[in-house]
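Dropping coords.cif in here (mmCIF, C-alpha atoms and all ligand atoms):
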```cif
data_target
loop_
_atom_site.label_atom_id
_atom_site.label_comp_id
_atom_site.auth_asym_id
_atom_site.auth_seq_id
_atom_site.Cartn_x
_atom_site.Cartn_y
_atom_site.Cartn_z
CA MET A 1 178.62 72.55 98.31
CA SER A 2 177.66 69.43 96.26
CA ASP A 3 175.63 69.66 93.04
CA THR A 4 172.56 67.98 94.47
CA VAL A 5 171.13 67.82 97.94
CA ASP A 6 172.58 65.00 100.07
CA ILE A 7 170.20 62.09 100.58
CA VAL A 8 170.23 59.81 103.63
CA ARG A 9 168.01 56.76 103.94
CA THR A 10 168.68 55.45 107.45
CA LYS A 11 167.98 57.01 110.82
CA ALA A 12 171.60 56.31 111.84
CA ASP A 13 172.97 58.41 108.95
CA LEU A 14 170.37 61.09 109.57
CA ARG A 15 171.17 61.34 113.27
CA GLY A 16 174.91 61.57 112.53
CA ARG A 17 174.38 64.50 110.17
CA VAL A 18 172.04 66.43 112.48
CA GLN A 19 174.19 65.80 115.56
CA TYR A 20 177.21 67.17 113.70
CA TRP A 21 175.32 70.43 113.04
CA ARG A 22 174.03 70.61 116.58
CA ASP A 23 177.57 70.12 117.93
CA GLN A 24 178.61 73.18 115.90
CA GLY A 25 175.82 75.22 117.51
CA LEU A 26 173.73 75.36 114.32
CA SER A 27 169.93 75.40 114.49
CA VAL A 28 167.98 72.85 112.47
CA ALA A 29 164.52 73.18 110.88
CA PHE A 30 162.61 70.14 109.63
CA VAL A 31 159.96 69.92 106.92
CA PRO A 32 158.19 66.53 106.77
CA THR A 33 156.56 65.75 103.40
CA MET A 34 155.25 62.87 101.33
CA GLY A 35 157.06 64.18 98.25
CA ALA A 36 155.58 65.30 94.93
CA LEU A 37 156.83 68.67 96.04
CA HIS A 38 155.18 71.88 94.89
CA ASP A 39 155.49 75.53 95.79
CA GLY A 40 153.59 75.00 99.04
CA HIS A 41 156.34 72.65 100.28
CA LEU A 42 159.08 74.93 98.94
CA THR A 43 157.56 77.81 100.91
CA LEU A 44 157.99 75.66 104.03
CA VAL A 45 161.63 75.07 103.05
CA ARG A 46 162.21 78.78 102.40
CA THR A 47 160.63 79.68 105.75
CA GLY A 48 162.85 77.06 107.41
CA LEU A 49 165.91 78.65 105.81
CA GLU A 50 164.88 82.04 107.22
CA LEU A 51 164.38 80.64 110.72
CA ALA A 52 167.26 78.18 111.04
CA ASP A 53 170.83 77.50 109.88
CA ARG A 54 170.09 74.09 108.36
CA VAL A 55 166.96 72.59 106.79
CA VAL A 56 166.17 68.87 106.62
CA VAL A 57 163.26 67.66 104.45
CA SER A 58 161.83 64.14 104.65
CA VAL A 59 160.06 62.46 101.76
CA PHE A 60 158.14 59.41 102.91
CA VAL A 61 154.76 58.27 101.58
CA ASN A 62 153.49 56.97 104.89
CA PRO A 63 151.34 53.84 104.40
CA THR A 64 149.73 54.00 107.85
CA GLN A 65 147.87 57.23 107.14
CA PHE A 66 146.07 55.89 104.04
CA GLY A 67 142.83 53.90 104.35
CA PRO A 68 142.38 50.63 102.42
CA ASN A 69 140.47 52.36 99.59
CA GLU A 70 142.66 55.47 99.40
CA ASP A 71 145.35 56.51 96.96
CA PHE A 72 148.50 55.09 98.63
CA SER A 73 149.62 53.06 95.61
CA ARG A 74 148.95 55.83 93.07
CA TYR A 75 150.23 58.69 95.26
CA PRO A 76 152.82 60.49 93.07
CA ARG A 77 156.42 59.40 93.73
CA GLN A 78 159.13 61.45 91.99
CA GLU A 79 162.27 61.47 94.10
CA ALA A 80 164.66 62.75 91.41
CA GLN A 81 162.42 65.74 90.68
CA ASP A 82 161.92 66.40 94.40
CA ALA A 83 165.68 66.27 94.99
CA ALA A 84 166.26 68.77 92.16
CA LEU A 85 163.67 71.18 93.62
CA LEU A 86 165.17 70.85 97.09
CA THR A 87 168.67 71.49 95.74
CA GLU A 88 167.47 74.65 94.03
CA ALA A 89 165.65 75.79 97.18
CA GLY A 90 168.83 75.42 99.27
CA CYS A 91 167.72 72.49 101.45
CA HIS A 92 170.68 70.89 103.27
CA LEU A 93 169.57 67.28 103.64
CA LEU A 94 166.89 64.99 102.23
CA TYR A 95 165.82 62.09 104.43
CA ALA A 96 164.10 59.44 102.29
CA PRO A 97 163.68 56.31 104.40
CA THR A 98 162.19 53.03 103.15
CA VAL A 99 159.01 51.59 104.63
CA ALA A 100 161.14 48.90 106.34
CA GLU A 101 163.33 51.59 107.95
CA MET A 102 160.26 53.35 109.37
CA TYR A 103 158.19 50.27 110.19
CA PRO A 104 160.56 47.34 110.81
CA ASP A 105 159.14 43.84 111.38
CA GLY A 106 157.25 43.69 114.64
CA PHE A 107 156.39 47.41 114.71
CA ALA A 108 153.43 47.60 117.11
CA THR A 109 152.92 51.17 118.35
CA THR A 110 150.18 53.58 117.31
CA ILE A 111 149.69 57.08 118.68
CA HIS A 112 146.13 58.33 118.98
CA VAL A 113 145.51 62.01 119.74
CA SER A 114 141.92 62.26 120.94
CA GLY A 115 139.73 65.37 120.67
CA VAL A 116 141.28 67.26 117.77
CA SER A 117 141.48 64.05 115.68
CA ASP A 118 137.70 63.60 115.92
CA GLY A 119 135.29 64.86 113.27
CA LEU A 120 136.18 66.48 109.92
CA CYS A 121 138.90 64.36 108.18
CA GLY A 122 139.06 62.17 111.29
CA ASP A 123 135.52 60.90 110.62
CA VAL A 124 135.85 60.58 106.87
CA ARG A 125 139.29 58.92 107.01
CA PRO A 126 139.21 56.60 110.06
CA GLY A 127 142.70 55.96 111.40
CA HIS A 128 144.26 58.68 109.24
CA PHE A 129 145.39 60.89 112.12
CA ASP A 130 146.71 57.90 114.08
CA GLY A 131 148.98 57.21 111.09
CA VAL A 132 149.98 60.88 110.87
CA ALA A 133 150.62 61.21 114.62
CA THR A 134 152.67 58.01 114.72
CA VAL A 135 154.86 58.84 111.74
CA VAL A 136 155.33 62.49 112.76
CA ALA A 137 156.34 61.46 116.30
CA LYS A 138 158.87 59.01 114.81
CA LEU A 139 160.22 61.58 112.35
CA LEU A 140 160.58 64.25 115.05
CA LEU A 141 162.46 61.82 117.29
CA GLN A 142 164.66 60.66 114.42
CA VAL A 143 165.54 64.12 113.08
CA ALA A 144 165.60 65.87 116.49
CA PRO A 145 165.24 69.35 114.93
CA HIS A 146 164.84 72.63 116.82
CA MET A 147 161.69 73.41 114.86
CA ALA A 148 159.32 71.63 112.47
CA LEU A 149 157.23 73.38 109.81
CA PHE A 150 153.79 72.32 108.64
CA GLY A 151 151.39 73.88 106.15
CA GLU A 152 148.20 75.46 107.48
CA LYS A 153 146.38 73.88 104.54
CA ASP A 154 146.11 70.72 106.68
CA TRP A 155 144.70 72.68 109.63
CA GLN A 156 143.36 69.68 111.52
CA GLN A 157 146.67 67.85 111.03
CA LEU A 158 148.49 70.89 112.43
CA ALA A 159 146.18 70.88 115.48
CA VAL A 160 146.83 67.14 116.00
CA ILE A 161 150.61 67.67 115.77
CA ARG A 162 150.59 70.65 118.15
CA ARG A 163 148.67 68.55 120.71
CA LEU A 164 150.97 65.53 120.17
CA VAL A 165 154.12 67.59 120.68
CA ARG A 166 152.72 69.22 123.84
CA ASP A 167 151.40 65.97 125.31
CA LEU A 168 154.55 63.92 124.65
CA ASP A 169 156.97 66.73 125.63
CA ILE A 170 158.77 66.47 122.31
CA PRO A 171 161.36 69.28 122.42
CA VAL A 172 160.52 70.97 119.12
CA GLU A 173 158.82 74.21 118.14
CA VAL A 174 155.90 73.60 115.75
CA VAL A 175 155.61 76.36 113.13
CA GLY A 176 152.44 76.69 111.01
CA VAL A 177 152.97 78.26 107.58
CA PRO A 178 150.09 79.90 105.63
CA THR A 179 148.65 78.10 102.62
CA VAL A 180 150.10 78.85 99.19
CA ARG A 181 147.37 79.44 96.59
CA GLU A 182 147.16 79.46 92.81
CA PHE A 183 146.18 82.72 91.04
CA ASP A 184 142.49 81.73 91.33
CA GLY A 185 142.62 80.83 95.02
CA LEU A 186 142.98 77.04 94.70
CA ALA A 187 145.22 75.76 97.51
CA ARG A 188 148.41 74.11 96.24
CA SER A 189 148.32 70.35 96.84
CA SER A 190 150.09 67.28 95.49
CA ARG A 191 146.61 65.91 94.78
CA ASN A 192 145.85 68.73 92.31
CA ALA A 193 147.90 66.59 89.90
CA TYR A 194 144.92 64.21 89.74
CA LEU A 195 142.55 66.88 88.37
CA SER A 196 141.42 66.86 84.74
CA MET A 197 141.39 70.23 82.94
CA GLU A 198 137.64 70.48 83.49
CA GLU A 199 137.98 69.68 87.22
CA ARG A 200 140.80 72.18 87.59
CA LYS A 201 138.38 74.92 86.44
CA ILE A 202 135.77 73.84 89.00
CA ALA A 203 138.15 73.40 91.97
CA PRO A 204 138.62 77.11 92.97
CA VAL A 205 134.96 77.30 94.03
CA LEU A 206 136.09 75.81 97.34
CA TYR A 207 138.15 78.89 98.16
CA GLN A 208 135.43 81.26 96.89
CA VAL A 209 132.89 79.59 99.20
CA LEU A 210 135.27 79.84 102.18
CA ALA A 211 135.94 83.54 101.50
CA ASP A 212 132.20 84.33 101.17
CA MET A 213 131.40 82.36 104.33
CA ALA A 214 134.07 84.31 106.22
CA GLU A 215 132.36 87.53 105.13
CA GLY A 216 128.94 86.15 106.14
CA LEU A 217 130.22 85.19 109.60
CA ARG A 218 131.70 88.65 110.07
CA GLN A 219 128.28 90.10 109.21
CA GLY A 220 126.71 88.03 112.01
CA ARG A 221 125.19 85.15 110.01
CA THR A 222 125.10 81.67 111.57
CA SER A 223 127.41 78.90 110.45
CA ALA A 224 124.43 76.53 109.93
CA ASP A 225 122.96 78.85 107.26
CA LEU A 226 126.27 79.58 105.62
CA CYS A 227 127.31 75.90 105.53
CA ALA A 228 124.01 74.85 103.93
CA GLU A 229 124.42 77.52 101.24
CA GLY A 230 128.08 76.66 100.73
CA VAL A 231 127.42 72.93 100.22
CA THR A 232 124.77 73.71 97.59
CA ARG A 233 127.16 76.01 95.76
CA ILE A 234 130.00 73.46 95.76
CA LEU A 235 127.72 70.72 94.40
CA GLN A 236 126.23 73.03 91.79
CA ALA A 237 129.73 73.92 90.61
CA GLY A 238 130.31 70.23 89.74
CA PHE A 239 131.80 68.55 92.81
CA LEU A 240 130.50 64.99 93.30
CA SER A 241 130.12 65.25 97.07
CA VAL A 242 131.06 67.31 100.10
CA ASP A 243 132.63 65.36 102.97
CA TYR A 244 132.26 68.33 105.31
CA LEU A 245 131.96 72.09 105.40
CA GLU A 246 132.15 73.34 108.97
CA VAL A 247 133.02 76.31 111.13
CA ARG A 248 135.23 75.41 114.08
CA ALA A 249 137.18 77.22 116.80
CA ALA A 250 140.65 77.88 115.36
CA ASP A 251 142.53 76.36 118.34
CA GLY A 252 140.59 73.46 119.83
CA LEU A 253 138.40 72.80 116.75
CA GLN A 254 135.11 72.87 118.71
CA PRO A 255 132.07 73.48 116.44
CA LEU A 256 130.99 77.16 116.37
CA ASP A 257 127.61 78.55 115.43
CA ARG A 258 128.62 82.20 115.46
CA LEU A 259 131.83 84.13 115.17
CA ASP A 260 132.41 84.70 118.90
CA ARG A 261 136.15 83.87 118.76
CA ALA A 262 138.87 83.16 116.20
CA ALA A 263 137.44 80.56 113.83
CA ARG A 264 138.47 78.33 110.97
CA ILE A 265 136.15 77.31 108.15
CA LEU A 266 137.13 73.86 106.90
CA VAL A 267 136.04 71.97 103.79
CA ALA A 268 136.69 68.64 102.09
CA ALA A 269 134.97 67.78 98.82
CA ARG A 270 135.36 65.27 96.01
CA LEU A 271 135.73 65.69 92.30
CA SER A 272 135.97 62.42 90.36
CA GLY A 273 139.77 62.70 90.19
CA ALA A 274 140.59 63.86 93.69
CA ARG A 275 139.45 64.70 97.18
CA LEU A 276 140.39 68.32 97.95
CA ILE A 277 140.63 70.02 101.33
CA ASP A 278 141.00 73.66 102.26
CA ASN A 279 140.38 76.02 105.16
CA LEU A 280 140.34 79.72 105.97
CA GLY A 281 140.77 81.66 109.20
CA VAL A 282 138.31 84.35 110.27
CA GLU A 283 138.53 86.69 113.26
CA PRO A 284 135.55 88.34 115.00
CA PRO A 285 135.16 91.96 113.73
CA HIS A 286 136.04 93.55 117.12
CA ALA A 287 139.23 91.44 117.56
O1 LIG A 301 151.21 66.52 105.40
C1 LIG A 301 151.83 65.54 104.97
O2 LIG A 301 152.40 65.54 103.89
C2 LIG A 301 151.89 64.28 105.82
O3 LIG A 301 150.70 64.06 106.49
C3 LIG A 301 153.08 64.26 106.81
C4 LIG A 301 152.98 65.38 107.83
C5 LIG A 301 154.38 64.41 106.03
C6 LIG A 301 153.11 62.93 107.56
O4 LIG A 301 153.24 61.86 106.70
#
```

Please, can you express the file's structure as structure tokens?
Ligand code: PAF
Amino acid sequence: MSDTVDIVRTKADLRGRVQYWRDQGLSVAFVPTMGALHDGHLTLVRTGLELADRVVVSVFVNPTQFGPNEDFSRYPRQEAQDAALLTEAGCHLLYAPTVAEMYPDGFATTIHVSGVSDGLCGDVRPGHFDGVATVVAKLLLQVAPHMALFGEKDWQQLAVIRRLVRDLDIPVEVVGVPTVREFDGLARSSRNAYLSMEERKIAPVLYQVLADMAEGLRQGRTSADLCAEGVTRILQAGFLSVDYLEVRAADGLQPLDRLDRAARILVAARLSGARLIDNLGVEPPHA
């Protein structure tokens, strides 16, 4: 085994490596990322290693999923550090394509997944899920893994990808992996790196609100009441604004007023340094 994880930058090299494994009867798991890897990503890699013989990770900061006023140019890029973490985790191959490799001149296709892309982050970040769906479809076709792992922290993204894979008959199993949290409940995210020390102390209120809302729903309270209370609490804690705080059906993401089926409470809110998202599942008491 080499000292550091092998890196390929072209789809031709990538396909050669994965085909070689497939020809040997080995199973392949794929973890797509935008880099700036943290323990949440490494949990995906570790889960991939448990489920498959080989794990491929991609690092690609995808320009098409960032809006014009978003953080594409300042999004953290640290390939050497990412490669070291992946080596330590036991990842077998790092795919780090250039923008030109992913979007060559004349690229003209966009995938739009309707329904689950609407509302929540889909409203606040117009075009975001089209960029995600397009790049994920490309990556899945390029890597051709047996399974692909995604964090549940991006619950709406996971729903979009599940729909995309079903609708386009992409032969891959989509595996959702539970969110990794800090000691105080804050969900791990590459964007936590933007938080000042003061903001870092405020940020865990998001998780506390989600946990209390889950309890309220289980006690029979309505989501309208709980959301209104939750927004007030988040703003009082020091967040600048709340993009959304909603209770949705866990699968199809339809709005829910009461806990009459498996639900997901989803939030996005802004501190001056970063926009944070999180979500929590809640089951009806009798389930
Ligand atoms: O979740 C992410 O990091 C990105 O949206 C993904 C899935 C790698 C697509 O660029």

- [ ] Kindly indicate which residue among A:Arg233, A:Arg191, A:Lys153, A:Arg261 lies nearest to Asn279 in chain A, using only C-alpha atoms for the distances.
- [x]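 Looking at the shortest contact to Asn279 in chain A, the residue is A:Lys153.
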
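Taking only C-alpha atoms and all ligand atoms into account, the residues that come within 8 Å of ligand LIG 301 (chain A) are Val31, Pro32, Thr33, Met34, Gly35, Ser58, Val59, Phe60, Val61, Asn62, Gln65, Gly131, Val132, Ala133, Val135, Val136, Phe150, Gly151, Asp154 and Gln157 of chain A.
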
Open item on the list: Using Å and a single decimal, report how far CA of Val160 in chain A sits from CA of Leu256 in chain A.
Closed with: 18.7 Å

Open item on the list: Just checking: using all atoms listed in the file, which residue out of A:Gly176, A:Asp23, A:Glu182, A:Asn192 ends up closest to Leu37 in chain A?
Closed with: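 Smallest separation from Leu37 in chain A among the options: A:Asn192.
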
Open item on the list: Can you measure CA of Gly220 in chain A to CA of Val247 in chain A for me? One decimal in Å is fine.
Closed with: 13.3 Å

TODO: Might you pull out every residue within 12 Å of Gly115 in chain A, with all atoms listed in the file counted and same-chain residues fewer than 3 positions away left off, and present them as number ranges by chain?
DONE: A: 112, 118-120, 122-123, 129, 156, 159-160, 163-164, 251-255

- [ ] Compare A:Pro204, A:His41, A:Asp105, A:Glu152 by their minimum atom-to-atom distance to Asp82 in chain A, counting only C-alpha atoms, and give me the closest one.
- [x]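 Nearest to Asp82 in chain A: A:His41.
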
- [ ] Considering all atoms listed in the file, state which residue in the set A:Leu149, A:Ala108, A:Ala29, A:Leu139 is at the smallest distance from Thr10 in chain A.
- [x]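 Looking at the shortest contact to Thr10 in chain A, the residue is A:Leu139.
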
Open item on the list: Between CA of Ala193 in chain A and CA of Gly127 in chain A, what distance in Å does the model show, to one decimal?
Closed with: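 Answer for the CA of Ala193 in chain A to CA of Gly127 in chain A separation: 24.5 Å.
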
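Distances to Ala214 in chain A were evaluated for A:Thr109, A:Leu86, A:Ala262, A:Leu168 using all atoms listed in the file, and the minimum falls at A:Ala262.
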
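Among the candidates A:Leu280, A:Ala269, A:Ala12, A:Val113, the residue lying nearest to Glu101 in chain A is A:Ala12 (atoms considered: all atoms listed in the file).
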
Contacts of range 4-7 of chain A within 9 Å, all atoms listed in the file, excl. fewer than 4 positions in-chain, as a PDB file with C-alpha atoms, in the frame of the given file:
```pdb
ATOM      1  CA  ALA A  83     165.680  66.270  94.990  1.00  0.00           C
ATOM      2  CA  ALA A  84     166.260  68.770  92.160  1.00  0.00           C
ATOM      3  CA  LEU A  86     165.170  70.850  97.090  1.00  0.00           C
ATOM      4  CA  THR A  87     168.670  71.490  95.740  1.00  0.00           C
ATOM      5  CA  GLU A  88     167.470  74.650  94.030  1.00  0.00           C
ATOM      6  CA  GLY A  90     168.830  75.420  99.270  1.00  0.00           C
ATOM      7  CA  CYS A  91     167.720  72.490 101.450  1.00  0.00           C
ATOM      8  CA  HIS A  92     170.680  70.890 103.270  1.00  0.00           C
ATOM      9  CA  LEU A  93     169.570  67.280 103.640  1.00  0.00           C
ATOM     10  CA  LEU A  94     166.890  64.990 102.230  1.00  0.00           C
ATOM     11  CA  TYR A  95     165.820  62.090 104.430  1.00  0.00           C
ATOM     12  CA  ALA A  96     164.100  59.440 102.290  1.00  0.00           C
TER      13      ALA A  96
END
```

Task: Selection: 12 Å around Tyr244 in chain A, all atoms listed in the file, excl. self and same-chain fewer than 5 positions, as a list in words - done: Gly119, Leu120, Cys121, Gly122, Asp123, Val124, Arg125, Leu206, Cys227, Ala228, Gly230, Val231, Ile234, Ile265, Leu266, Val267, Ala268, Ala269, Arg270, Arg275, Leu276, Ile277, Asp278 and Asn279 of chain A

With the cut-off set at 10 Å and counting only C-alpha atoms, tabulate each residue of range 117-225 of chain A with an atom at most that distance from an atom of range 51-54 of chain A, showing the nearest atom pair and its distance in Å to one decimal, ordered by chain and increasing number, as a tab-separated table.
```
residue	atom	partner	partner_atom	distance
A:Pro145	CA	A:Arg54	CA	9.4
A:His146	CA	A:Ala52	CA	8.4
A:Met147	CA	A:Ala52	CA	8.3
```

Task: Exercise: Arg218 in chain A partners within 8 Å, all atoms listed in the file, chain neighbours under 3 positions left out, as number ranges by chain - done: A: 214-215, 221, 259, 282-285

Could you save the residues just selected, with C-alpha atoms, as a PDB file, in the coordinates of the input?
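Result file out_14.pdb:
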```
ATOM      1  CA  ALA A 214     134.070  84.310 106.220  1.00  0.00           C
ATOM      2  CA  GLU A 215     132.360  87.530 105.130  1.00  0.00           C
ATOM      3  CA  ARG A 221     125.190  85.150 110.010  1.00  0.00           C
ATOM      4  CA  LEU A 259     131.830  84.130 115.170  1.00  0.00           C
ATOM      5  CA  VAL A 282     138.310  84.350 110.270  1.00  0.00           C
ATOM      6  CA  GLU A 283     138.530  86.690 113.260  1.00  0.00           C
ATOM      7  CA  PRO A 284     135.550  88.340 115.000  1.00  0.00           C
ATOM      8  CA  PRO A 285     135.160  91.960 113.730  1.00  0.00           C
TER       9      PRO A 285
END
```

Can you take the partial range 28-44 of chain A, add N, CA, C and O atoms, and return it as an mmCIF file, in the frame of the given file?
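Output contents, as saved in out.cif:
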```cif
data_model
loop_
_atom_site.group_PDB
_atom_site.id
_atom_site.type_symbol
_atom_site.label_atom_id
_atom_site.label_comp_id
_atom_site.auth_asym_id
_atom_site.auth_seq_id
_atom_site.Cartn_x
_atom_site.Cartn_y
_atom_site.Cartn_z
ATOM 1 N N VAL A 28 168.458 73.740 113.529
ATOM 2 C CA VAL A 28 167.980 72.850 112.470
ATOM 3 C C VAL A 28 166.453 72.931 112.368
ATOM 4 O O VAL A 28 165.740 72.793 113.370
ATOM 5 N N ALA A 29 165.968 73.191 111.150
ATOM 6 C CA ALA A 29 164.520 73.180 110.880
ATOM 7 C C ALA A 29 164.203 71.929 110.075
ATOM 8 O O ALA A 29 165.015 71.472 109.263
ATOM 9 N N PHE A 30 163.005 71.390 110.291
ATOM 10 C CA PHE A 30 162.610 70.140 109.630
ATOM 11 C C PHE A 30 161.265 70.328 108.943
ATOM 12 O O PHE A 30 160.333 70.878 109.518
ATOM 13 N N VAL A 31 161.198 69.862 107.691
ATOM 14 C CA VAL A 31 159.960 69.920 106.920
ATOM 15 C C VAL A 31 159.584 68.492 106.507
ATOM 16 O O VAL A 31 160.201 67.934 105.593
ATOM 17 N N PRO A 32 158.598 67.871 107.184
ATOM 18 C CA PRO A 32 158.190 66.530 106.770
ATOM 19 C C PRO A 32 157.249 66.602 105.572
ATOM 20 O O PRO A 32 156.341 67.450 105.557
ATOM 21 N N THR A 33 157.450 65.747 104.572
ATOM 22 C CA THR A 33 156.560 65.750 103.400
ATOM 23 C C THR A 33 156.361 64.305 102.931
ATOM 24 O O THR A 33 157.072 63.400 103.357
ATOM 25 N N MET A 34 155.404 64.158 102.012
ATOM 26 C CA MET A 34 155.250 62.870 101.330
ATOM 27 C C MET A 34 155.727 62.992 99.882
ATOM 28 O O MET A 34 155.365 62.178 99.030
ATOM 29 N N GLY A 35 156.508 64.024 99.600
ATOM 30 C CA GLY A 35 157.060 64.180 98.250
ATOM 31 C C GLY A 35 156.072 64.796 97.294
ATOM 32 O O GLY A 35 155.098 65.436 97.702
ATOM 33 N N ALA A 36 156.353 64.625 95.978
ATOM 34 C CA ALA A 36 155.580 65.300 94.930
ATOM 35 C C ALA A 36 155.546 66.792 95.254
ATOM 36 O O ALA A 36 154.487 67.428 95.317
ATOM 37 N N LEU A 37 156.718 67.324 95.476
ATOM 38 C CA LEU A 37 156.830 68.670 96.040
ATOM 39 C C LEU A 37 156.324 69.749 95.089
ATOM 40 O O LEU A 37 156.518 69.661 93.875
ATOM 41 N N HIS A 38 155.660 70.734 95.654
ATOM 42 C CA HIS A 38 155.180 71.880 94.890
ATOM 43 C C HIS A 38 155.542 73.141 95.671
ATOM 44 O O HIS A 38 156.216 73.062 96.717
ATOM 45 N N ASP A 39 155.064 74.275 95.181
ATOM 46 C CA ASP A 39 155.490 75.530 95.790
ATOM 47 C C ASP A 39 155.078 75.668 97.254
ATOM 48 O O ASP A 39 155.724 76.378 98.021
ATOM 49 N N GLY A 40 153.992 74.971 97.627
ATOM 50 C CA GLY A 40 153.590 75.000 99.040
ATOM 51 C C GLY A 40 154.702 74.414 99.913
ATOM 52 O O GLY A 40 155.092 75.003 100.929
ATOM 53 N N HIS A 41 155.238 73.251 99.507
ATOM 54 C CA HIS A 41 156.340 72.650 100.280
ATOM 55 C C HIS A 41 157.573 73.547 100.248
ATOM 56 O O HIS A 41 158.264 73.706 101.260
ATOM 57 N N LEU A 42 157.846 74.125 99.058
ATOM 58 C CA LEU A 42 159.080 74.930 98.940
ATOM 59 C C LEU A 42 158.970 76.191 99.794
ATOM 60 O O LEU A 42 159.976 76.697 100.292
ATOM 61 N N THR A 43 157.740 76.679 99.988
ATOM 62 C CA THR A 43 157.560 77.810 100.910
ATOM 63 C C THR A 43 157.928 77.384 102.336
ATOM 64 O O THR A 43 158.539 78.156 103.084
ATOM 65 N N LEU A 44 157.592 76.147 102.696
ATOM 66 C CA LEU A 44 157.990 75.660 104.030
ATOM 67 C C LEU A 44 159.520 75.612 104.127
ATOM 68 O O LEU A 44 160.105 75.991 105.142
#
```
